[in-house]
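Colleague: Dumping the structure here so I can ask a few things about it.
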Amino acid sequence: MLHWMYRRLLPELATLERVIELGADSLRPRVLAQITLPGGTQLPVHAIELGSTDLRAPWVGYFGGIHGLERIGAEVVIAQLHSLVMRLQWDSTLHQLLDSVRLLFVPIVNPGGMALGTRANPQGVDLMRNAPVLAQDPVPFLVGGQRMSARLPWYQGPADSPMQVENIALCQCVNEALAQCTFALAVDCHSGFGARDRLWFPYAHKREPMTHLAELQVLTDIFVQAHSYHRYVIEPQSVQYLAHGDVWDYLYLQSLQRPGQVFLPLTLEMGSWLWIKKNPRQLFSRHGIFNPLIQHRQQRVLRQHQSLLDFLARAASSCERWLPAPSQRATLHDQALRNWY
Ligand SMILES: [Zn+2]
């Protein structure tokens, strides 16, 4: 491995490869794709599995770095993987948990964009606007996705062309993982929207509720009950804005084709305006808008989300204890409609 080169180009990738080496006994790493930078340098998209090898076991996917500028998202996911690797050396409750759940980490989905310091991938495409799902109502100008130019942000990519390499790799590995299981969760870590930390669930392309709104309501309830002091705003993304090409909407719609499967993909949007308010000079740095620049603040952000990421693995492993019975679903669905729509 080319640690010395990554350390300069993409320190998060060097850190991730170090964690993969540290966890060699318990991790099952593979490379989903190689991304070529303009100078010809290739960067791998790593996927790391751990836990149960039973393809029917509940599954949780942890994703970061889809937007290259939002480094803190990748760092939160790498920090969680590192914590698991360290705890596996002594924590028997973690070993028991991992007997019954499969975890997958893809901490840097867009290594090219991260190395170049751009939101988009090296082709100028915003990977969260690139999936073949079109919004059903007007989207905000530019932000909701545009096909005018790769030089403008939020570019969806050329019309009628396949998804970008990074998204094909992401969708293939998620669909493979979901092929045989009945319950799955995912969290995709971003930063930059607003002053609060938000947890979004589908849909992003329409205002109608998702099919599994009852399950989402109970997942929210058990999280809030166990974390009274949490500070997340939990809501459908469509409450904030509609967008074209959301890859989680696309994967969720595909999961509906697998009868009996419940797949709840979440997007964590860490509110970076707070960091800017505390350190206004960050506004003058492109990286500073999306990432906490001061070390103690970064450590706090990394720490803050660990209990959420732990919770998701435990909730998936224990899903049979809390998933609503068919007879409860209609009431829960109505309750969720009143809360969120
Ligand atoms: Zn983002």
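All residue names refer to the structure tokens as shown: chains lettered A, B, ... in order, residues numbered from 1 in each chain, ligands numbered from 1 in order.
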Per residue of chain A within 12 Å of ligand 1, what are the shortest atom pair and its distance in Å to one decimal, counting only C-alpha atoms and all ligand atoms, with rows by chain and residue number, as CSV?

Modeller:
residue,atom,partner,partner_atom_place_in_ligand_line,distance
A:Phe63,CA,ligand 1,1 (Zn),11.2
A:Gly64,CA,ligand 1,1 (Zn),8.9
A:Gly65,CA,ligand 1,1 (Zn),7.9
A:Ile66,CA,ligand 1,1 (Zn),6.6
A:His67,CA,ligand 1,1 (Zn),4.9
A:Gly68,CA,ligand 1,1 (Zn),8.2
A:Leu69,CA,ligand 1,1 (Zn),8.0
A:Glu70,CA,ligand 1,1 (Zn),6.3
A:Arg71,CA,ligand 1,1 (Zn),9.6
A:Ile72,CA,ligand 1,1 (Zn),10.3
A:Gly73,CA,ligand 1,1 (Zn),8.3
A:Ala74,CA,ligand 1,1 (Zn),10.7
A:Val109,CA,ligand 1,1 (Zn),11.5
A:Asn110,CA,ligand 1,1 (Zn),11.1
A:Gly113,CA,ligand 1,1 (Zn),11.8
A:Met114,CA,ligand 1,1 (Zn),11.8
A:Thr118,CA,ligand 1,1 (Zn),11.0
A:Arg119,CA,ligand 1,1 (Zn),7.6
A:Ala120,CA,ligand 1,1 (Zn),9.7
A:Asp126,CA,ligand 1,1 (Zn),9.2
A:Leu127,CA,ligand 1,1 (Zn),9.2
A:Met128,CA,ligand 1,1 (Zn),7.6
A:Arg129,CA,ligand 1,1 (Zn),10.5
A:Val143,CA,ligand 1,1 (Zn),11.5
A:Pro153,CA,ligand 1,1 (Zn),11.9
A:Trp154,CA,ligand 1,1 (Zn),10.5
A:Asp188,CA,ligand 1,1 (Zn),8.9
A:Cys189,CA,ligand 1,1 (Zn),7.5
A:His190,CA,ligand 1,1 (Zn),4.3
A:Ser191,CA,ligand 1,1 (Zn),5.6
A:Gly192,CA,ligand 1,1 (Zn),6.8
A:Phe193,CA,ligand 1,1 (Zn),8.1
A:Gly194,CA,ligand 1,1 (Zn),11.9
A:Arg198,CA,ligand 1,1 (Zn),11.9
A:Trp200,CA,ligand 1,1 (Zn),12.0
A:Asp246,CA,ligand 1,1 (Zn),11.1
A:Val247,CA,ligand 1,1 (Zn),12.0
A:Thr267,CA,ligand 1,1 (Zn),9.0
A:Leu268,CA,ligand 1,1 (Zn),9.0
A:Glu269,CA,ligand 1,1 (Zn),7.2
A:Met270,CA,ligand 1,1 (Zn),9.2
A:Gly271,CA,ligand 1,1 (Zn),10.8
A:Ser272,CA,ligand 1,1 (Zn),11.2
A:Ile289,CA,ligand 1,1 (Zn),11.9
A:Phe290,CA,ligand 1,1 (Zn),8.9
A:Asn291,CA,ligand 1,1 (Zn),11.4

Colleague: Select from segment 172-193 of chain A every residue with an atom at most 12 Å from any atom of segment 205-216 of chain A, then for each give the shortest pair of atoms and their distance in Å to one decimal, using only C-alpha atoms, rows by chain and rising number, as a Markdown table.

Modeller:
| residue | atom | partner | partner_atom | distance |
| --- | --- | --- | --- | --- |
| A:Phe183 | CA | A:Glu215 | CA | 10.6 |
| A:Ala184 | CA | A:Glu215 | CA | 11.5 |
| A:Leu185 | CA | A:Leu216 | CA | 10.3 |

Colleague: I'd like the contact shell of Pro202 of chain A - 8 Å cut-off, only C-alpha atoms, skipping same-chain residues fewer than 6 positions apart - returned as JSON, numbers by chain.

Modeller: {"A": [209, 210, 236, 237, 238, 248, 249, 252, 265, 266]}

Colleague: Skip Gly61 of chain A itself and residues of its chain fewer than 3 positions away, then list as a ChimeraX atom specification all residues within 10 Å of it, counting only C-alpha atoms.

Modeller: /A:47-49,102-107,173-174,177,184-188,265-266,312-313

Colleague: Which is closer to Gln34 of chain A than all the others in A:Ile108, A:Gln80, A:Thr53, A:Tyr241, using only C-alpha atoms?

Modeller: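 That would be A:Ile108, the residue with the smallest distance to Gln34 of chain A.
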
Colleague: Pull the alpha helix (DSSP H) assignments for segment 62-287 of chain A out of DSSP run on the backbone, and list those residues as a ChimeraX atom specification.

Modeller: /A:71-87,92-99,111-116,165-178,213-226,247-255,273-278,286-287

Colleague: Residues near Thr182 of chain A, anyone? I mean within 7 Å using only C-alpha atoms, not counting same-chain ones fewer than 4 positions away, as a list in words.

Modeller: Pro58, Gly260, Gln261 and Val262 of chain A

Colleague: Could you give me, as a ChimeraX atom specification, the residues within 12 Å of Leu332 of chain A, counting only C-alpha atoms and dropping anything in the same chain fewer than 5 positions from it?

Modeller: /A:212-221,323-327,337-339

Colleague: Compare A:Gln306, A:Phe311, A:Leu170, A:Pro138 by their minimum atom-to-atom distance to Gln225 of chain A, counting only C-alpha atoms, and give me the closest one.

Modeller: A:Phe311

Colleague: Might you pull out every residue within 9 Å of Ile35 of chain A, with only C-alpha atoms counted and same-chain residues fewer than 2 positions away left off, and present them as a ChimeraX atom specification?

Modeller: /A:33,37,41-45,110-112,122,165-166

Colleague: Run DSSP on the backbone and tell me which residues of segment 92-297 of chain A come out as strand (DSSP E); list them as a ChimeraX atom specification.

Modeller: /A:102-106,183-191,197-201,232-236,262-270

Colleague: With C-alpha atoms kept, could you save the residues just selected as a short mmCIF file (atom, residue, chain, number, x, y, z; two decimals), in the first residue's frame?

Modeller:
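Now in selection.cif:
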data_model
loop_
_atom_site.label_atom_id
_atom_site.label_comp_id
_atom_site.auth_asym_id
_atom_site.auth_seq_id
_atom_site.Cartn_x
_atom_site.Cartn_y
_atom_site.Cartn_z
CA ARG A 102 -23.50 -7.92 9.56
CA LEU A 103 -21.77 -4.53 9.33
CA LEU A 104 -20.36 -2.91 6.20
CA PHE A 105 -18.23 0.25 6.18
CA VAL A 106 -17.53 2.35 3.08
CA PHE A 183 -33.98 -6.16 7.83
CA ALA A 184 -31.31 -3.56 7.07
CA LEU A 185 -30.29 -0.06 8.13
CA ALA A 186 -27.84 2.37 6.56
CA VAL A 187 -26.41 5.72 7.60
CA ASP A 188 -24.65 8.03 5.19
CA CYS A 189 -22.65 10.77 6.95
CA HIS A 190 -22.58 14.29 5.51
CA SER A 191 -22.02 17.81 6.82
CA ASP A 197 -27.58 17.76 13.34
CA ARG A 198 -30.24 16.16 11.21
CA LEU A 199 -31.18 12.57 10.49
CA TRP A 200 -33.06 12.35 7.22
CA PHE A 201 -35.03 9.43 5.87
CA TYR A 232 -30.92 15.25 16.33
CA VAL A 233 -33.76 16.60 14.25
CA ILE A 234 -35.25 13.45 12.72
CA GLU A 235 -37.38 14.09 9.63
CA PRO A 236 -38.04 13.08 6.02
CA VAL A 262 -37.46 -3.62 5.49
CA PHE A 263 -34.55 -1.33 4.55
CA LEU A 264 -34.34 2.04 6.34
CA PRO A 265 -31.57 4.25 4.93
CA LEU A 266 -30.72 7.36 6.97
CA THR A 267 -28.63 10.38 6.06
CA LEU A 268 -26.80 12.15 8.88
CA GLU A 269 -26.34 15.84 8.06
CA MET A 270 -24.02 17.33 10.67
#

Colleague: Please determine, counting only C-alpha atoms, which residue among A:Pro38, A:Leu308, A:Leu94, A:Arg56 has the shortest atom-to-atom distance to Gly124 of chain A.

Modeller: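 Selected residue with least distance to Gly124 of chain A: A:Pro38.
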
Colleague: So which one's closest to Ser83 of chain A, A:Ala336, A:Ala226, A:Leu309, A:Ala159? Using only C-alpha atoms, please.

Modeller: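 So, comparing all the options, the nearest one is A:Leu309.
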
Colleague: Check the smallest atom-to-atom distance from each of A:Leu116, A:Ala131, A:Val101, A:Leu256 to Arg314 of chain A using only C-alpha atoms, then report the winner.

Modeller: A:Val101
